[in-house]
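In what follows, a single structure is set out as structure tokens and then discussed.
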Amino acid sequence: MGKERTDLLRGTLDLLILKALALEPLHGVGVSRRITQITAGAFRVSFGSLFPALHRMEEKGWVEAEWRASENNRRAKYYRLTSSGRAQLRAEERDWSQVVKIMTAAVEST
Amino acid sequence: MPGRIASFFRNLLRKRAIEQALDDELKSAVELLAQEKMKQGLSHPEARRQALIELGGVEQVKEEVRAIRSGMFLETFAQDLRYTLRLLRKSPGFTTVAVLTLALGIGANAAIFSYIDAWFIKPLPYPQPDRLVIFETQDKKHGWTSGGVTSAADYFDFQKQNTSFEQTVAWGGASLNLTGDGLPELVDGGRVSWNFFDTFGTKPILGRTFTAEDDRSGAPHVAILSQGLWQGRYAGDPKIIGRNIAIGGEAYTVVGVMPGTFQFPLMGIANLWTPLALTDMQRADRGNVWLPAFGRLKPGVTLEQARAETATFFAHIEKEFPKTNTNLTWLVSSMTDRIRKEEGGPEVMICFIVVGLVLLIACANVANLMLARATSRTREFAVRGALGATRRRLAGQLLTESLLLFLVGGVASLLFASWGMRWIESQIPGHIRGYIVNYGHVELDFSMLMFTLGITLLCGLVFGFAPAFENSRLDVNHTLKETSGQTSGSKAGGRLRRIFVAAEIALAVVVLISATLLVKSFIISVRSSPGYNAANVLVAQLALPKTKYTEDSQFRNFSDEVLSRIRALPGAASTSVASHVPFGGFGQGIEFQVVGKPLQPGERQGAPFTAVSADYFSTMQIGLVKGRFFDSSDAYGTSPSIIISQTMARQLLSGEDPIGKKLRLGEQHSVGTIVGIVNAIKMYYLRERPGWHIYVPLAQFPSRTFGFVVRSSGDPTIMATAIRDAIWAVDRDQPISSVEPLENLIAAVNTGDRVVADLMVFFSVLAMFLGAIGIYGVMAHLVSQRIHEIAIRMALGASPVHVMRMVLSQGLKLALRGVAAGVLAALGATRLLATQLYQVTPTDPLTFIGVPLLFAIVALAACYIPAWRGMRVDPLVALRYE
């Protein structure tokens, strides 16, 4: 179930990635795990979608990447939110709650 | 956005570093995942395997990321390009055939397009050409138009009173006799209103244009030269302005030189202009419609407004001068449209359409070749698909291949195009070129390059999509599981190829039928008798200058003396003279009435008119139908005799005996008696239908234009010099327009038809050849795919003959479908050719049976080789490969 849901809404993936990175810089695998964690296992992002999305955000300047040692001393590419990335996150959060409100109202209307 | 552009270039420049980083990132991701798994207790190898599965394949993820990166498409394109080049080099046969096919197809189109461009697209070479309009007299009741001329009095009244036009101009083409400064020379030019050049907006390179004073009758004579005449006859004399030259024996002062690029297609080649300078009597002439005129609209005035004003104006004129102007008005039409309608336009258009069809055939052929190759590359694509290439990427690869192929073909086509353009140009004689915009001179210019690039890319895209689409739909698993070497190709692919081939054949049939009709019509028009025997006839044409020869008796003496001198020449079997000869210059017509059959007011009838010496008909070998030829009894001072053409006799005096009937001719109203009926002859045009013609004796109707007709026993050209000398012996200063075999005069007029016929032969051979290659390709491929099946059939007892019949019938069925579709399409298409055909109907049965039959035979022959190969399949060998 969860896996199919990743493509559910365009833009959802971006929001989730930005959210995952809001707390601390993470590498690709870390982002994937964090998303699973914050969505309580509902979303499992495929790496075939995750990496392209990260690279796209890097090109847009929402995230910056740097190589550093991981928790067990492996070199890994860490992504960190830039200020424009934070602005983007706020904008997407706002949009999202807007959508939720509208959709809820729509669904609950009789 | 700037960031994105920056990363675009960074990606482009640091391609390797980025690839390396991506590789590292994914490797580290695999490591991280594997460590997680190991923590859960898996062994190292098993953990790595699981990690790879979870990641979804390193190469696949890389492909996905690459597709995101800006600038990636360029890199992909470069990769595809390199790959394609390698591929094309590896299969030189395929490459050569495809490129050659495309080069021929595109090149032929580009060459013809350059003429379309010159004829229909490029504006006339004057400032604001859309404001230029042509005037001509039109009969509202009968619908005829005068063919570009007006009456002088109408013109000058209109010029005075109209408010729509900035300028109006009258002009007339003229052959002017240049004497002095070397041999006498007849120069084509015009007599023009003083504002002729100013209205076009063309400035002289030296001196000035005419002034209103120059254009008054009796004003001092002035002339303007073309750059060519100035640099030729006058050797570029820097003091040419103010120099006196002799035109028709009178002194003219040169006041200007026009640039070599100036051209007025309705005037033809023109190198010398003098003012029109009409006399008051000429200006007051309302009854004769002879003066060509055009105008330039004032800014802001539309063609419709000008037409409305003209109509109102002529409604008044009609009331004021009912005798001459009943039913008459002016037709006002755009000069651009008018020039495009002139000779050649329809022919160029037909060639363009036919050559477009040939290109379609060529493209279908190449697409077919690519499809065939693509089906044998299914495995290659399956493997690339398995390695992470997306469908889009594979389709892109195929599209790149097709575009590259078409581009190479397009570049190669420029060779054919420039060669073809030069060939066509070389086929158009100089004096005809003058009537074509830009002198019919075309070159590899920007618009032509754009056109070539455009059709190349368009065809490459359209025809590249078929194989690209076809192959990107591959099912990777299915293809890879199939036994190696057995590439069956998708069923849909096979169907696509068969549709292409059938369409190709259908198009080729349309081309071939159209071309055959045109060529047949051309051959009939050339072979059919013009009504006289043109072989071994030499024609010397000249016009006596008005200044030197003023009396009728002078004209007579001149022609009598020249005739007797030519008759004295050895080799001149029969010699005579006419005021003008078929396919020559100086043609004229005359208005007439049948005595006793008055015309309605405002009604006019006319016919071509020739004054001839008594033996003209026997020299030309024009057949007598009834009555008699002219003879010595039709001398000066006796009652005029008339001979008319059979067609005219039949249509004008249906049922009555024409002999003895009287006609009232022309302005002088001289009445003549019809004494003979002769066969109708072709005068101007080989596709001409038999027409009206009035002949009168030269002795009774003096003429200052002459065509001396000399029939010799052998090659007439050897007499040319002797004939010139004979003329110059009578008048040393007399310019001679031309001394040429009659057959050459005919051939020159027939140039357009001949070029079209030649092109049609070339196009149809090309179309048929391509169609044959197409069907051969498909059948050969089909047989090679069915080797296995054929082997089984043969192992089960099918005879080789049976196999051959099977392949042939399959090929033939395919061909016949195409042929049938082609015949149906041709039935519709050839109706458009009707006006171009001479004595051939657009549904000519022989053509419509012959061409499909020919195609069936060609198709059979093309299928024979694959069929023969199928027949020779050795079941043992074929099946052992299992």
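If you're wondering about the labels, chains in the structure tokens are A, B, ... by order shown, residues count from 1 in each chain, ligands from 1 in order shown.
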| said: With only C-alpha atoms as the counted atoms, please give the residues lying no more than 8 Å from stretch 135-149 of chain B, apart from itself and same-chain residues fewer than 3 positions off, as JSON, numbers by chain. | reply: {"B": [289, 290, 291, 292, 293, 294, 295, 327, 328, 329, 330, 331, 332, 333]}
Residue subset to file, keeping C-alpha atoms, as a tab-separated table (two decimals), in the first residue's frame:
chain	number	residue	atom	x	y	z
B	289	VAL	CA	-7.31	49.35	-77.31
B	290	TRP	CA	-3.55	48.99	-77.45
B	291	LEU	CA	-1.82	50.94	-74.69
B	292	PRO	CA	-0.42	48.92	-71.75
B	293	ALA	CA	-0.77	50.82	-68.50
B	294	PHE	CA	-0.24	50.43	-64.77
B	295	GLY	CA	-0.36	52.57	-61.67
B	327	ASN	CA	-19.93	47.69	-72.09
B	328	LEU	CA	-16.32	48.65	-71.46
B	329	THR	CA	-14.68	49.25	-68.12
B	330	TRP	CA	-11.24	48.69	-66.61
B	331	LEU	CA	-10.11	45.66	-64.75
B	332	VAL	CA	-7.70	46.70	-62.01
B	333	SER	CA	-5.52	43.85	-60.80
| field | Contact set, chain A to chain B: 12 Å, only C-alpha atoms, as a PyMOL selection string | value | chain A and resi 26-33+44-62+65-79
Using only C-alpha atoms, please write the residues we just selected to a file, as a PDB file, in the first residue's frame.
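Final output, saved to out.pdb:
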ATOM      1  CA  LEU A  26      20.989  13.756   6.218  1.00  0.00           C
ATOM      2  CA  HIS A  27      22.380  11.498   3.485  1.00  0.00           C
ATOM      3  CA  GLY A  28      20.090   9.852   0.914  1.00  0.00           C
ATOM      4  CA  VAL A  29      19.459   6.672   2.867  1.00  0.00           C
ATOM      5  CA  GLY A  30      18.892   8.797   5.978  1.00  0.00           C
ATOM      6  CA  VAL A  31      16.275  10.883   4.190  1.00  0.00           C
ATOM      7  CA  SER A  32      14.479   7.694   3.165  1.00  0.00           C
ATOM      8  CA  ARG A  33      14.502   6.349   6.741  1.00  0.00           C
ATOM      9  CA  ARG A  44       8.407   4.216   1.639  1.00  0.00           C
ATOM     10  CA  VAL A  45      10.162   6.306  -0.990  1.00  0.00           C
ATOM     11  CA  SER A  46      11.926   4.388  -3.733  1.00  0.00           C
ATOM     12  CA  PHE A  47      15.525   5.444  -4.268  1.00  0.00           C
ATOM     13  CA  GLY A  48      14.763   5.738  -7.991  1.00  0.00           C
ATOM     14  CA  SER A  49      12.528   8.689  -7.070  1.00  0.00           C
ATOM     15  CA  LEU A  50      14.443   9.982  -4.059  1.00  0.00           C
ATOM     16  CA  PHE A  51      17.862  10.570  -5.622  1.00  0.00           C
ATOM     17  CA  PRO A  52      16.548  12.368  -8.700  1.00  0.00           C
ATOM     18  CA  ALA A  53      14.425  14.544  -6.383  1.00  0.00           C
ATOM     19  CA  LEU A  54      17.431  15.397  -4.199  1.00  0.00           C
ATOM     20  CA  HIS A  55      19.519  16.296  -7.237  1.00  0.00           C
ATOM     21  CA  ARG A  56      16.710  18.414  -8.631  1.00  0.00           C
ATOM     22  CA  MET A  57      16.434  20.303  -5.314  1.00  0.00           C
ATOM     23  CA  GLU A  58      20.168  20.780  -5.261  1.00  0.00           C
ATOM     24  CA  GLU A  59      19.999  22.371  -8.697  1.00  0.00           C
ATOM     25  CA  LYS A  60      17.159  24.601  -7.537  1.00  0.00           C
ATOM     26  CA  GLY A  61      19.267  25.661  -4.593  1.00  0.00           C
ATOM     27  CA  TRP A  62      16.879  24.356  -1.913  1.00  0.00           C
ATOM     28  CA  ALA A  65      25.354  18.860  -0.332  1.00  0.00           C
ATOM     29  CA  GLU A  66      28.636  18.104   1.376  1.00  0.00           C
ATOM     30  CA  TRP A  67      30.671  14.964   1.852  1.00  0.00           C
ATOM     31  CA  ARG A  68      31.371  13.976   5.406  1.00  0.00           C
ATOM     32  CA  ALA A  69      31.768  10.953   7.586  1.00  0.00           C
ATOM     33  CA  SER A  70      28.605   9.128   8.510  1.00  0.00           C
ATOM     34  CA  GLU A  71      27.642   7.830  11.964  1.00  0.00           C
ATOM     35  CA  ASN A  72      29.815   4.756  11.405  1.00  0.00           C
ATOM     36  CA  ASN A  73      32.700   6.543   9.725  1.00  0.00           C
ATOM     37  CA  ARG A  74      31.693   5.952   6.161  1.00  0.00           C
ATOM     38  CA  ARG A  75      31.965   8.848   3.732  1.00  0.00           C
ATOM     39  CA  ALA A  76      28.494   9.918   2.641  1.00  0.00           C
ATOM     40  CA  LYS A  77      26.893  12.825   0.797  1.00  0.00           C
ATOM     41  CA  TYR A  78      24.870  14.860   3.275  1.00  0.00           C
ATOM     42  CA  TYR A  79      22.094  17.204   2.163  1.00  0.00           C
TER      43      TYR A  79
END
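Here the DSSP assignment of strand (DSSP E), based on backbone atoms, applies within stretch 179-264 of chain B to Thr179, Glu185, Leu186, Val187, Asp188, Gly189, Gly190, Arg191, Val192, Leu206, Gly207, Val222, Ala223, Ile224, Leu225, Ser226, Asn244, Ile245, Ala246, Ile247, Glu250, Ala251, Tyr252, Thr253, Val254, Val255, Gly256, Val257 and Met258 of chain B.
Those residues that approach A:Leu15 to within 8 Å, counting only C-alpha atoms, are Gly11, Lys19, Leu89, Glu92 and Glu93 of chain A; same-chain residues fewer than 4 positions away are not listed.
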| task | Fewer than 6 positions away in the same chain doesn't count, so skip those; otherwise give me all residues within 12 Å of B:Cys459, counting only C-alpha atoms, as a list of chain:residue names. | result | B:Leu102, B:Gly105, B:Ile106, B:Gly356, B:Leu359, B:Leu360, B:Ile361, B:Ala362, B:Cys363, B:Ala364, B:Asn365, B:Val366, B:Ala367, B:Leu399, B:Ser402, B:Leu403, B:Leu404, B:Leu405, B:Phe406, B:Leu407, B:Gly409, B:Gly410, B:Phe451, B:Thr452, B:Leu453, B:Phe465, B:Ala466
What does the file look like for those residues with N, CA and C atoms, as a PDB file, in the first residue's frame?
ATOM      1  N   LEU B 102      17.650  10.127 -49.991  1.00  0.00           N
ATOM      2  CA  LEU B 102      17.223  11.403 -49.417  1.00  0.00           C
ATOM      3  C   LEU B 102      17.804  12.577 -50.186  1.00  0.00           C
ATOM      4  N   GLY B 105      15.786  13.024 -53.285  1.00  0.00           N
ATOM      5  CA  GLY B 105      14.434  13.506 -52.989  1.00  0.00           C
ATOM      6  C   GLY B 105      14.440  14.946 -52.516  1.00  0.00           C
ATOM      7  N   ILE B 106      15.283  15.242 -51.536  1.00  0.00           N
ATOM      8  CA  ILE B 106      15.312  16.596 -50.987  1.00  0.00           C
ATOM      9  C   ILE B 106      15.894  17.572 -52.006  1.00  0.00           C
ATOM     10  N   GLY B 356       7.169  16.930 -54.661  1.00  0.00           N
ATOM     11  CA  GLY B 356       6.801  16.705 -53.260  1.00  0.00           C
ATOM     12  C   GLY B 356       6.406  15.248 -53.047  1.00  0.00           C
ATOM     13  N   LEU B 359       9.406  13.139 -52.917  1.00  0.00           N
ATOM     14  CA  LEU B 359      10.070  13.223 -51.610  1.00  0.00           C
ATOM     15  C   LEU B 359       9.381  12.310 -50.592  1.00  0.00           C
ATOM     16  N   LEU B 360       8.057  12.308 -50.628  1.00  0.00           N
ATOM     17  CA  LEU B 360       7.322  11.430 -49.714  1.00  0.00           C
ATOM     18  C   LEU B 360       7.732   9.975 -49.948  1.00  0.00           C
ATOM     19  N   ILE B 361       7.840   9.616 -51.216  1.00  0.00           N
ATOM     20  CA  ILE B 361       8.240   8.247 -51.538  1.00  0.00           C
ATOM     21  C   ILE B 361       9.629   7.964 -50.966  1.00  0.00           C
ATOM     22  N   ALA B 362      10.539   8.917 -51.204  1.00  0.00           N
ATOM     23  CA  ALA B 362      11.906   8.732 -50.713  1.00  0.00           C
ATOM     24  C   ALA B 362      11.922   8.580 -49.193  1.00  0.00           C
ATOM     25  N   CYS B 363      11.141   9.418 -48.508  1.00  0.00           N
ATOM     26  CA  CYS B 363      11.110   9.365 -47.047  1.00  0.00           C
ATOM     27  C   CYS B 363      10.532   8.036 -46.567  1.00  0.00           C
ATOM     28  N   ALA B 364       9.440   7.620 -47.202  1.00  0.00           N
ATOM     29  CA  ALA B 364       8.828   6.350 -46.817  1.00  0.00           C
ATOM     30  C   ALA B 364       9.838   5.222 -46.989  1.00  0.00           C
ATOM     31  N   ASN B 365      10.614   5.323 -48.056  1.00  0.00           N
ATOM     32  CA  ASN B 365      11.621   4.316 -48.318  1.00  0.00           C
ATOM     33  C   ASN B 365      12.657   4.252 -47.210  1.00  0.00           C
ATOM     34  N   VAL B 366      13.154   5.421 -46.824  1.00  0.00           N
ATOM     35  CA  VAL B 366      14.179   5.460 -45.789  1.00  0.00           C
ATOM     36  C   VAL B 366      13.598   5.002 -44.446  1.00  0.00           C
ATOM     37  N   ALA B 367      12.365   5.436 -44.161  1.00  0.00           N
ATOM     38  CA  ALA B 367      11.720   5.008 -42.921  1.00  0.00           C
ATOM     39  C   ALA B 367      11.606   3.488 -42.901  1.00  0.00           C
ATOM     40  N   LEU B 399      15.400   8.365 -32.871  1.00  0.00           N
ATOM     41  CA  LEU B 399      15.065   9.636 -33.503  1.00  0.00           C
ATOM     42  C   LEU B 399      16.332  10.374 -33.910  1.00  0.00           C
ATOM     43  N   SER B 402      17.591   8.855 -37.040  1.00  0.00           N
ATOM     44  CA  SER B 402      16.879   9.236 -38.250  1.00  0.00           C
ATOM     45  C   SER B 402      17.166  10.688 -38.617  1.00  0.00           C
ATOM     46  N   LEU B 403      17.232  11.553 -37.583  1.00  0.00           N
ATOM     47  CA  LEU B 403      17.512  12.961 -37.878  1.00  0.00           C
ATOM     48  C   LEU B 403      18.889  13.122 -38.495  1.00  0.00           C
ATOM     49  N   LEU B 404      19.859  12.399 -37.948  1.00  0.00           N
ATOM     50  CA  LEU B 404      21.218  12.511 -38.470  1.00  0.00           C
ATOM     51  C   LEU B 404      21.259  12.047 -39.924  1.00  0.00           C
ATOM     52  N   LEU B 405      20.588  10.931 -40.175  1.00  0.00           N
ATOM     53  CA  LEU B 405      20.543  10.389 -41.524  1.00  0.00           C
ATOM     54  C   LEU B 405      19.933  11.408 -42.477  1.00  0.00           C
ATOM     55  N   PHE B 406      18.815  12.002 -42.051  1.00  0.00           N
ATOM     56  CA  PHE B 406      18.142  12.982 -42.908  1.00  0.00           C
ATOM     57  C   PHE B 406      19.014  14.218 -43.095  1.00  0.00           C
ATOM     58  N   LEU B 407      19.716  14.616 -42.027  1.00  0.00           N
ATOM     59  CA  LEU B 407      20.552  15.808 -42.157  1.00  0.00           C
ATOM     60  C   LEU B 407      21.693  15.575 -43.137  1.00  0.00           C
ATOM     61  N   GLY B 409      21.626  13.482 -45.525  1.00  0.00           N
ATOM     62  CA  GLY B 409      20.945  13.496 -46.818  1.00  0.00           C
ATOM     63  C   GLY B 409      20.655  14.920 -47.266  1.00  0.00           C
ATOM     64  N   GLY B 410      20.222  15.761 -46.320  1.00  0.00           N
ATOM     65  CA  GLY B 410      19.894  17.148 -46.645  1.00  0.00           C
ATOM     66  C   GLY B 410      21.113  17.909 -47.137  1.00  0.00           C
ATOM     67  N   PHE B 451      14.425  26.368 -46.443  1.00  0.00           N
ATOM     68  CA  PHE B 451      13.440  25.408 -46.934  1.00  0.00           C
ATOM     69  C   PHE B 451      14.016  23.983 -46.853  1.00  0.00           C
ATOM     70  N   THR B 452      15.267  23.839 -47.314  1.00  0.00           N
ATOM     71  CA  THR B 452      15.889  22.519 -47.308  1.00  0.00           C
ATOM     72  C   THR B 452      16.009  21.992 -45.884  1.00  0.00           C
ATOM     73  N   LEU B 453      16.506  22.873 -44.995  1.00  0.00           N
ATOM     74  CA  LEU B 453      16.657  22.464 -43.602  1.00  0.00           C
ATOM     75  C   LEU B 453      15.293  22.096 -43.034  1.00  0.00           C
ATOM     76  N   PHE B 465       9.798   8.950 -36.375  1.00  0.00           N
ATOM     77  CA  PHE B 465       8.959   8.571 -35.250  1.00  0.00           C
ATOM     78  C   PHE B 465       8.455   7.142 -35.371  1.00  0.00           C
ATOM     79  N   ALA B 466       8.205   6.728 -36.610  1.00  0.00           N
ATOM     80  CA  ALA B 466       7.656   5.378 -36.780  1.00  0.00           C
ATOM     81  C   ALA B 466       8.564   4.325 -36.165  1.00  0.00           C
TER      82      ALA B 466
END
| message | Quick check, in Å to one decimal: how far apart do atom CA of B:Gln593 and atom CA of B:Ser151 lie? | response | 20.7 Å
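Pairwise distance (atom CA of B:Ile746, atom CA of B:Ile523) equals 13.9 Å.
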| request: Give the alpha helix (DSSP H) residues of stretch 189-267 of chain B, as DSSP finds them on the backbone, and put them as a PyMOL selection string. | output: chain B and resi 196-200+227-232
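The list of residues with at least one atom within 12 Å of B:Met871, based on only C-alpha atoms and without residues fewer than 5 positions apart in the same chain, reads Val783, Ser784, Arg786, Ile787, Ile790, Ala791, Arg793, Met794, Ala798, Ser799, Pro800, Val801, His802, Val803, Met804, Arg805, Met806, Val807, Leu808, Tyr864, Ile865 and Pro866 of chain B.
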| remark: Between atom CA of B:Val562 and atom CA of B:Ala578 lies a distance of 12.7 Å
| request: Find the residues near B:Ala862: any atom within 6 Å, counting only C-alpha atoms, skip ones fewer than 3 places away on the same chain, and give them as number ranges by chain. | output: B: 772, 776, 859
